[in-house]
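*Asks:* This is protein_17.pdb, which holds PDB, C-alpha atoms:
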ATOM      1  CA  MET U 146     -29.405 -18.047 112.654  1.00  0.00           C
ATOM      2  CA  LYS U 147     -25.661 -18.193 112.099  1.00  0.00           C
ATOM      3  CA  ILE U 148     -24.017 -18.812 108.737  1.00  0.00           C
ATOM      4  CA  GLY U 149     -21.393 -21.507 108.760  1.00  0.00           C
ATOM      5  CA  THR U 150     -17.874 -21.271 107.361  1.00  0.00           C
ATOM      6  CA  GLU U 151     -18.716 -23.323 104.297  1.00  0.00           C
ATOM      7  CA  ASP U 152     -21.606 -21.053 103.427  1.00  0.00           C
ATOM      8  CA  LYS U 153     -19.354 -17.984 103.568  1.00  0.00           C
ATOM      9  CA  LYS U 154     -16.934 -19.597 101.171  1.00  0.00           C
ATOM     10  CA  LYS U 155     -19.744 -20.399  98.711  1.00  0.00           C
ATOM     11  CA  LEU U 156     -21.038 -16.840  98.853  1.00  0.00           C
ATOM     12  CA  ALA U 157     -17.569 -15.436  98.195  1.00  0.00           C
ATOM     13  CA  ILE U 158     -17.100 -17.736  95.182  1.00  0.00           C
ATOM     14  CA  LEU U 159     -20.480 -16.734  93.749  1.00  0.00           C
ATOM     15  CA  ALA U 160     -19.665 -13.039  94.174  1.00  0.00           C
ATOM     16  CA  VAL U 161     -16.351 -13.426  92.335  1.00  0.00           C
ATOM     17  CA  VAL U 162     -17.944 -15.425  89.480  1.00  0.00           C
ATOM     18  CA  GLY U 163     -20.743 -12.897  89.103  1.00  0.00           C
ATOM     19  CA  THR U 164     -18.309 -10.006  89.041  1.00  0.00           C
ATOM     20  CA  LEU U 165     -16.220 -11.683  86.307  1.00  0.00           C
ATOM     21  CA  GLY U 166     -19.331 -12.474  84.259  1.00  0.00           C
ATOM     22  CA  ILE U 167     -20.596  -8.928  84.413  1.00  0.00           C
ATOM     23  CA  GLY U 168     -17.167  -7.605  83.471  1.00  0.00           C
ATOM     24  CA  SER U 169     -16.957  -9.954  80.470  1.00  0.00           C
ATOM     25  CA  ILE U 170     -20.385  -8.882  79.254  1.00  0.00           C
ATOM     26  CA  VAL U 171     -19.465  -5.199  79.520  1.00  0.00           C
ATOM     27  CA  TYR U 172     -16.147  -5.780  77.671  1.00  0.00           C
ATOM     28  CA  ILE U 173     -17.766  -7.701  74.776  1.00  0.00           C
ATOM     29  CA  TYR U 174     -20.500  -5.094  74.372  1.00  0.00           C
ATOM     30  CA  SER U 175     -17.968  -2.248  74.295  1.00  0.00           C
ATOM     31  CA  GLU U 176     -15.874  -4.058  71.635  1.00  0.00           C
ATOM     32  CA  LEU U 177     -18.880  -4.731  69.403  1.00  0.00           C
ATOM     33  CA  SER U 178     -20.218  -1.210  69.638  1.00  0.00           C
ATOM     34  CA  GLY U 179     -16.733   0.307  69.035  1.00  0.00           C
ATOM     35  CA  SER U 180     -16.098  -1.655  65.782  1.00  0.00           C
ATOM     36  CA  ASP U 181     -19.310  -0.319  64.124  1.00  0.00           C
ATOM     37  CA  ALA U 182     -18.473   3.348  64.690  1.00  0.00           C
ATOM     38  CA  PRO U 183     -16.159   4.923  62.057  1.00  0.00           C
ATOM     39  CA  ALA U 184     -12.782   6.062  63.270  1.00  0.00           C
ATOM     40  CA  THR U 185     -12.702   9.844  63.462  1.00  0.00           C
ATOM     41  CA  PRO U 186      -9.282  11.480  63.359  1.00  0.00           C
ATOM     42  CA  PRO U 187      -8.566  14.188  65.857  1.00  0.00           C
ATOM     43  CA  ALA U 188      -9.755  17.612  64.963  1.00  0.00           C
ATOM     44  CA  SER U 189      -6.204  18.939  64.919  1.00  0.00           C
ATOM     45  CA  THR U 190      -5.103  16.555  62.118  1.00  0.00           C
ATOM     46  CA  VAL U 191      -8.020  17.174  59.681  1.00  0.00           C
ATOM     47  CA  LYS U 192      -7.063  19.566  56.881  1.00  0.00           C
ATOM     48  CA  ALA U 193      -9.566  21.379  54.720  1.00  0.00           C
ATOM     49  CA  LYS U 194      -9.406  20.540  50.976  1.00  0.00           C
ATOM     50  CA  PRO U 195      -8.692  23.623  48.877  1.00  0.00           C
ATOM     51  CA  ALA U 196     -11.381  24.620  46.415  1.00  0.00           C
ATOM     52  CA  ALA U 197     -10.816  23.999  42.688  1.00  0.00           C
ATOM     53  CA  PRO U 198      -9.549  27.064  40.798  1.00  0.00           C
ATOM     54  CA  ALA U 199     -12.073  28.837  38.672  1.00  0.00           C
ATOM     55  CA  THR U 200     -11.625  28.650  34.889  1.00  0.00           C
ATOM     56  CA  LYS U 201     -11.613  31.736  32.720  1.00  0.00           C
ATOM     57  CA  ALA U 202     -12.931  32.255  29.204  1.00  0.00           C
ATOM     58  CA  PRO U 203     -11.878  35.047  26.831  1.00  0.00           C
ATOM     59  CA  THR U 204     -14.402  37.678  25.819  1.00  0.00           C
ATOM     60  CA  PRO U 205     -14.617  38.531  22.093  1.00  0.00           C
ATOM     61  CA  SER U 206     -14.697  42.295  22.550  1.00  0.00           C
ATOM     62  CA  THR U 207     -12.032  43.214  25.124  1.00  0.00           C
ATOM     63  CA  GLY U 208      -9.868  40.084  25.155  1.00  0.00           C
ATOM     64  CA  VAL U 209      -9.873  40.124  29.002  1.00  0.00           C
ATOM     65  CA  ALA U 210     -10.607  36.835  30.756  1.00  0.00           C
ATOM     66  CA  VAL U 211     -13.804  36.714  32.785  1.00  0.00           C
ATOM     67  CA  ASN U 212     -14.564  34.336  35.619  1.00  0.00           C
ATOM     68  CA  VAL U 213     -16.990  31.625  34.509  1.00  0.00           C
ATOM     69  CA  GLY U 214     -17.052  29.939  37.932  1.00  0.00           C
ATOM     70  CA  THR U 215     -16.452  26.202  38.291  1.00  0.00           C
ATOM     71  CA  ALA U 216     -15.872  25.886  42.044  1.00  0.00           C
ATOM     72  CA  SER U 217     -18.349  23.815  44.036  1.00  0.00           C
ATOM     73  CA  THR U 218     -19.513  26.920  45.871  1.00  0.00           C
ATOM     74  CA  GLU U 219     -20.123  28.783  42.609  1.00  0.00           C
ATOM     75  CA  LEU U 220     -21.990  26.133  40.595  1.00  0.00           C
ATOM     76  CA  ASP U 221     -25.273  27.422  39.194  1.00  0.00           C
ATOM     77  CA  PRO U 222     -27.775  25.004  37.571  1.00  0.00           C
ATOM     78  CA  THR U 223     -29.310  27.797  35.477  1.00  0.00           C
ATOM     79  CA  LEU U 224     -28.284  28.157  31.801  1.00  0.00           C
ATOM     80  CA  LYS U 225     -25.978  31.124  31.191  1.00  0.00           C
ATOM     81  CA  MET U 226     -25.893  32.581  27.692  1.00  0.00           C
ATOM     82  CA  ASN U 227     -22.752  34.704  27.987  1.00  0.00           C
ATOM     83  CA  PRO U 228     -20.280  31.762  28.098  1.00  0.00           C
ATOM     84  CA  MET U 229     -22.120  30.119  25.198  1.00  0.00           C
ATOM     85  CA  LEU U 230     -21.889  33.308  23.107  1.00  0.00           C
ATOM     86  CA  VAL U 231     -18.179  33.528  23.886  1.00  0.00           C
ATOM     87  CA  THR U 232     -17.683  29.975  22.538  1.00  0.00           C
ATOM     88  CA  GLU U 233     -19.730  30.614  19.405  1.00  0.00           C
ATOM     89  CA  SER U 234     -17.808  33.809  18.606  1.00  0.00           C
ATOM     90  CA  LEU U 235     -14.455  31.977  18.339  1.00  0.00           C
ATOM     91  CA  VAL U 236     -13.189  32.079  14.731  1.00  0.00           C
ATOM     92  CA  TYR U 237     -10.800  29.513  13.196  1.00  0.00           C
ATOM     93  CA  SER U 238      -7.661  31.441  12.254  1.00  0.00           C
ATOM     94  CA  GLY U 239      -4.986  29.021  11.203  1.00  0.00           C
ATOM     95  CA  THR U 240      -1.992  29.752   8.993  1.00  0.00           C
ATOM     96  CA  GLY U 241      -2.420  26.647   6.864  1.00  0.00           C
ATOM     97  CA  ARG U 242      -5.230  25.259   4.739  1.00  0.00           C
ATOM     98  CA  ASN U 243      -8.791  25.683   5.966  1.00  0.00           C
ATOM     99  CA  ILE U 244     -10.109  22.148   6.323  1.00  0.00           C
ATOM    100  CA  PHE U 245     -13.703  23.425   6.395  1.00  0.00           C
ATOM    101  CA  SER U 246     -13.501  25.187   3.023  1.00  0.00           C
ATOM    102  CA  THR U 247     -13.767  23.445  -0.356  1.00  0.00           C
ATOM    103  CA  ALA U 248     -11.930  26.298  -2.075  1.00  0.00           C
ATOM    104  CA  SER U 249      -8.669  25.384  -0.360  1.00  0.00           C
ATOM    105  CA  MET U 250      -8.656  21.736  -1.367  1.00  0.00           C
ATOM    106  CA  PRO U 251      -5.374  20.575  -2.931  1.00  0.00           C
ATOM    107  CA  ILE U 252      -5.346  19.986  -6.678  1.00  0.00           C
ATOM    108  CA  ILE U 253      -4.770  16.322  -7.429  1.00  0.00           C
ATOM    109  CA  PRO U 254      -3.322  15.757 -10.925  1.00  0.00           C
ATOM    110  CA  LYS U 255      -5.261  13.420 -13.154  1.00  0.00           C
ATOM    111  CA  PRO U 256      -3.529  10.211 -14.214  1.00  0.00           C
ATOM    112  CA  VAL U 257      -2.000  10.283 -17.662  1.00  0.00           C
ATOM    113  CA  ALA U 258      -3.288   6.839 -18.519  1.00  0.00           C
ATOM    114  CA  PRO U 259      -5.647   4.459 -16.751  1.00  0.00           C
ATOM    115  CA  VAL U 260      -4.044   1.985 -14.427  1.00  0.00           C
ATOM    116  CA  ARG U 261      -5.891  -0.887 -16.045  1.00  0.00           C
ATOM    117  CA  PRO U 262      -7.032  -0.846 -19.671  1.00  0.00           C
ATOM    118  CA  LYS U 263     -10.777  -0.913 -20.156  1.00  0.00           C
ATOM    119  CA  THR U 264     -10.624  -3.434 -22.970  1.00  0.00           C
ATOM    120  CA  PRO U 265      -8.165  -6.276 -23.372  1.00  0.00           C
ATOM    121  CA  PRO U 266      -5.572  -5.808 -26.094  1.00  0.00           C
ATOM    122  CA  THR U 267      -6.515  -7.159 -29.471  1.00  0.00           C
ATOM    123  CA  PRO U 268      -4.523 -10.288 -30.272  1.00  0.00           C
ATOM    124  CA  VAL U 269      -2.311  -9.980 -33.310  1.00  0.00           C
ATOM    125  CA  ASN U 270      -3.077 -12.595 -35.893  1.00  0.00           C
ATOM    126  CA  THR U 271       0.228 -13.962 -37.062  1.00  0.00           C
ATOM    127  CA  LEU U 272       0.153 -15.837 -40.331  1.00  0.00           C
ATOM    128  CA  PRO U 273       1.881 -19.188 -40.331  1.00  0.00           C
ATOM    129  CA  LEU U 274       5.301 -18.972 -41.847  1.00  0.00           C
ATOM    130  CA  GLY U 275       5.812 -20.896 -45.046  1.00  0.00           C
ATOM    131  CA  PRO U 276       8.919 -22.691 -46.125  1.00  0.00           C
ATOM    132  CA  PRO U 277      12.017 -20.540 -46.381  1.00  0.00           C
ATOM    133  CA  PRO U 278      12.890 -19.198 -49.826  1.00  0.00           C
ATOM    134  CA  PRO U 279      15.412 -21.188 -51.822  1.00  0.00           C
ATOM    135  CA  PRO U 280      19.013 -20.061 -51.668  1.00  0.00           C
ATOM    136  CA  PRO U 281      20.186 -17.822 -54.495  1.00  0.00           C
ATOM    137  CA  ILE U 282      22.118 -19.391 -57.375  1.00  0.00           C
ATOM    138  CA  ASP U 283      25.756 -18.747 -56.702  1.00  0.00           C
ATOM    139  CA  LEU U 284      26.702 -17.818 -60.283  1.00  0.00           C
ATOM    140  CA  LYS U 285      27.582 -14.533 -61.913  1.00  0.00           C
ATOM    141  CA  PHE U 286      26.941 -13.706 -65.574  1.00  0.00           C
ATOM    142  CA  PHE U 287      29.606 -11.348 -66.945  1.00  0.00           C
ATOM    143  CA  GLY U 288      29.568 -11.781 -70.756  1.00  0.00           C
ATOM    144  CA  THR U 289      28.604 -13.752 -73.857  1.00  0.00           C
ATOM    145  CA  ALA U 290      30.392 -15.375 -76.785  1.00  0.00           C
ATOM    146  CA  THR U 291      29.247 -16.819 -80.128  1.00  0.00           C
ATOM    147  CA  SER U 292      30.438 -20.244 -81.239  1.00  0.00           C
ATOM    148  CA  ALA U 293      31.376 -21.261 -84.799  1.00  0.00           C
ATOM    149  CA  ASN U 294      27.898 -22.630 -85.470  1.00  0.00           C
ATOM    150  CA  GLY U 295      26.367 -19.283 -84.326  1.00  0.00           C
ATOM    151  CA  LYS U 296      25.157 -20.483 -80.958  1.00  0.00           C
ATOM    152  CA  ARG U 297      25.344 -17.945 -78.108  1.00  0.00           C
ATOM    153  CA  GLN U 298      27.269 -18.968 -74.995  1.00  0.00           C
ATOM    154  CA  ALA U 299      27.427 -17.366 -71.548  1.00  0.00           C
ATOM    155  CA  PHE U 300      30.422 -16.738 -69.364  1.00  0.00           C
ATOM    156  CA  LEU U 301      29.536 -17.788 -65.788  1.00  0.00           C
ATOM    157  CA  LEU U 302      31.715 -17.200 -62.759  1.00  0.00           C
ATOM    158  CA  LYS U 303      31.677 -19.134 -59.462  1.00  0.00           C
ATOM    159  CA  ASN U 304      34.336 -18.033 -56.989  1.00  0.00           C
ATOM    160  CA  ASP U 305      37.529 -18.284 -59.088  1.00  0.00           C
ATOM    161  CA  ASP U 306      36.157 -20.757 -61.680  1.00  0.00           C
ATOM    162  CA  VAL U 307      34.912 -19.573 -65.110  1.00  0.00           C
ATOM    163  CA  PHE U 308      32.414 -21.645 -67.158  1.00  0.00           C
ATOM    164  CA  LEU U 309      31.307 -21.253 -70.774  1.00  0.00           C
ATOM    165  CA  ALA U 310      27.812 -22.701 -71.235  1.00  0.00           C
ATOM    166  CA  SER U 311      25.053 -22.514 -73.821  1.00  0.00           C
ATOM    167  CA  ASP U 312      21.374 -23.482 -73.673  1.00  0.00           C
ATOM    168  CA  GLY U 313      20.876 -26.902 -72.016  1.00  0.00           C
ATOM    169  CA  ASP U 314      24.373 -27.168 -70.511  1.00  0.00           C
ATOM    170  CA  VAL U 315      24.864 -28.117 -66.816  1.00  0.00           C
ATOM    171  CA  VAL U 316      27.367 -26.268 -64.636  1.00  0.00           C
ATOM    172  CA  GLN U 317      28.923 -28.042 -61.643  1.00  0.00           C
ATOM    173  CA  ARG U 318      26.385 -30.869 -61.951  1.00  0.00           C
ATOM    174  CA  ARG U 319      23.691 -28.701 -60.382  1.00  0.00           C
ATOM    175  CA  TYR U 320      22.816 -25.623 -62.461  1.00  0.00           C
ATOM    176  CA  ARG U 321      21.168 -26.031 -65.882  1.00  0.00           C
ATOM    177  CA  VAL U 322      21.327 -23.115 -68.307  1.00  0.00           C
ATOM    178  CA  ILE U 323      17.848 -22.637 -69.802  1.00  0.00           C
ATOM    179  CA  THR U 324      18.250 -19.541 -71.987  1.00  0.00           C
ATOM    180  CA  VAL U 325      21.196 -17.329 -72.738  1.00  0.00           C
ATOM    181  CA  GLY U 326      20.163 -13.779 -73.556  1.00  0.00           C
ATOM    182  CA  THR U 327      22.075 -10.646 -74.390  1.00  0.00           C
ATOM    183  CA  ASN U 328      21.703  -9.041 -70.956  1.00  0.00           C
ATOM    184  CA  SER U 329      20.590 -12.002 -68.762  1.00  0.00           C
ATOM    185  CA  VAL U 330      20.727 -15.759 -68.361  1.00  0.00           C
ATOM    186  CA  LEU U 331      17.911 -18.003 -67.094  1.00  0.00           C
ATOM    187  CA  VAL U 332      19.402 -20.727 -64.830  1.00  0.00           C
ATOM    188  CA  GLU U 333      17.645 -23.594 -62.986  1.00  0.00           C
ATOM    189  CA  ASP U 334      18.838 -25.126 -59.708  1.00  0.00           C
ATOM    190  CA  MET U 335      18.152 -28.852 -60.222  1.00  0.00           C
ATOM    191  CA  VAL U 336      18.314 -29.565 -56.466  1.00  0.00           C
ATOM    192  CA  THR U 337      15.579 -27.120 -55.429  1.00  0.00           C
ATOM    193  CA  ASN U 338      13.836 -26.811 -58.827  1.00  0.00           C
ATOM    194  CA  ASN U 339      14.288 -23.080 -58.517  1.00  0.00           C
ATOM    195  CA  ARG U 340      14.781 -20.855 -61.549  1.00  0.00           C
ATOM    196  CA  GLN U 341      16.479 -17.491 -61.368  1.00  0.00           C
ATOM    197  CA  THR U 342      17.441 -14.866 -63.896  1.00  0.00           C
ATOM    198  CA  LEU U 343      21.047 -13.745 -63.600  1.00  0.00           C
ATOM    199  CA  PRO U 344      21.609 -10.194 -64.880  1.00  0.00           C
ATOM    200  CA  LEU U 345      24.687  -9.162 -66.828  1.00  0.00           C
ATOM    201  CA  ILE U 346      27.169  -7.508 -64.504  1.00  0.00           C
ATOM    202  CA  SER U 347      29.396  -4.706 -65.752  1.00  0.00           C
ATOM    203  CA  HIS U 348      33.160  -4.986 -65.588  1.00  0.00           C
TER     204      HIS U 348
END
Using structure tokens, write down the structure that the file contains.

*Replies:*
Amino acid sequence: MKIGTEDKKKLAILAVVGTLGIGSIVYIYSELSGSDAPATPPASTVKAKPAAPATKAPTPSTGVAVNVGTASTELDPTLKMNPMLVTESLVYSGTGRNIFSTASMPIIPKPVAPVRPKTPPTPVNTLPLGPPPPPPIDLKFFGTATSANGKRQAFLLKNDDVFLASDGDVVQRRYRVITVGTNSVLVEDMVTNNRQTLPLISH
């Protein structure tokens, strides 16, 4: 049986389509599998991370630092007593005040007086003021004289004016002479009804 020309063309087309399909499937699978894998740098570019330096703690006896060991390769989960004893043996040696001692507390001076008084101040009872005292009688008594009928008279001075008055006389229409004595005169101010005794002044 002989295959015709048209059949050869169909077979060739099917072969090409199949080849492309298989290639597409292989390409998609390789892309999907490559994206899930982590990218690994070349071995020549990877650098080793240096180990952390080991810390040192001072010993109380010699003062020489000993290796405690803090690197990842030297970590030990067991409890070591020597580093703990080194920490406990450290003594606070400051030049200032020891904050852990009550003997070195600063002395705070006591206040001289309380800031606020304990009791309120006692109010001062002020008596009501009365009327002012009357003004003094502006007369001066500087001597006496005896009249012809034997009646005693007083010499009274006001500024530059001199008055001679006996008992019952009025001086300057305001002052009434009540009694004329040897060493004093009793005078009444008729405006204020105030009586005052005027002493005898010496020359």

*Asks:* Compile the contact shell of Ala299 (chain U) as an NGL selection string: residues with an atom at most 7 Å away, counting all atoms listed in the file, same-chain residues fewer than 3 positions apart removed.

*Replies:* :U and (288-290 or 309-311 or 325)

*Asks:* In Å, with one decimal, what is the gap from CA of Gly275 (chain U) to CA of Asn338 (chain U)?

*Replies:*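 CA of Asn338 (chain U) lies 17.0 Å from CA of Gly275 (chain U).
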
*Asks:* Which residues are close to Gly313 (chain U), i.e. within 10 Å by only C-alpha atoms, leaving aside same-chain residues fewer than 6 positions away? Reply as a ChimeraX atom specification.

*Replies:* /U:320-325,332

*Asks:* Got time to write the residues from that selection, C-alpha atoms, as a tab-separated table (two decimals), in the coordinates of the input?

*Replies:*
chain	number	residue	atom	x	y	z
U	320	TYR	CA	22.82	-25.62	-62.46
U	321	ARG	CA	21.17	-26.03	-65.88
U	322	VAL	CA	21.33	-23.12	-68.31
U	323	ILE	CA	17.85	-22.64	-69.80
U	324	THR	CA	18.25	-19.54	-71.99
U	325	VAL	CA	21.20	-17.33	-72.74
U	332	VAL	CA	19.40	-20.73	-64.83

*Asks:* Taking (22.0, -23.6, -52.9) in the file's coordinates as the center, which residues reach within 9 Å of it, counting only C-alpha atoms, put as a PyMOL selection string?

*Replies:* chain U and resi 279-283+334+336-337

*Asks:* Could you pull out every residue with an atom within 9 Å of (20.8, -11.2, -70.1), file coordinates, counting all atoms listed in the file, and send them as a tab-separated table (two decimals) with C-alpha atoms, in the frame of the given file?

*Replies:*
chain	number	residue	atom	x	y	z
U	286	PHE	CA	26.94	-13.71	-65.57
U	288	GLY	CA	29.57	-11.78	-70.76
U	324	THR	CA	18.25	-19.54	-71.99
U	325	VAL	CA	21.20	-17.33	-72.74
U	326	GLY	CA	20.16	-13.78	-73.56
U	327	THR	CA	22.08	-10.65	-74.39
U	328	ASN	CA	21.70	-9.04	-70.96
U	329	SER	CA	20.59	-12.00	-68.76
U	330	VAL	CA	20.73	-15.76	-68.36
U	331	LEU	CA	17.91	-18.00	-67.09
U	342	THR	CA	17.44	-14.87	-63.90
U	343	LEU	CA	21.05	-13.74	-63.60
U	344	PRO	CA	21.61	-10.19	-64.88
U	345	LEU	CA	24.69	-9.16	-66.83
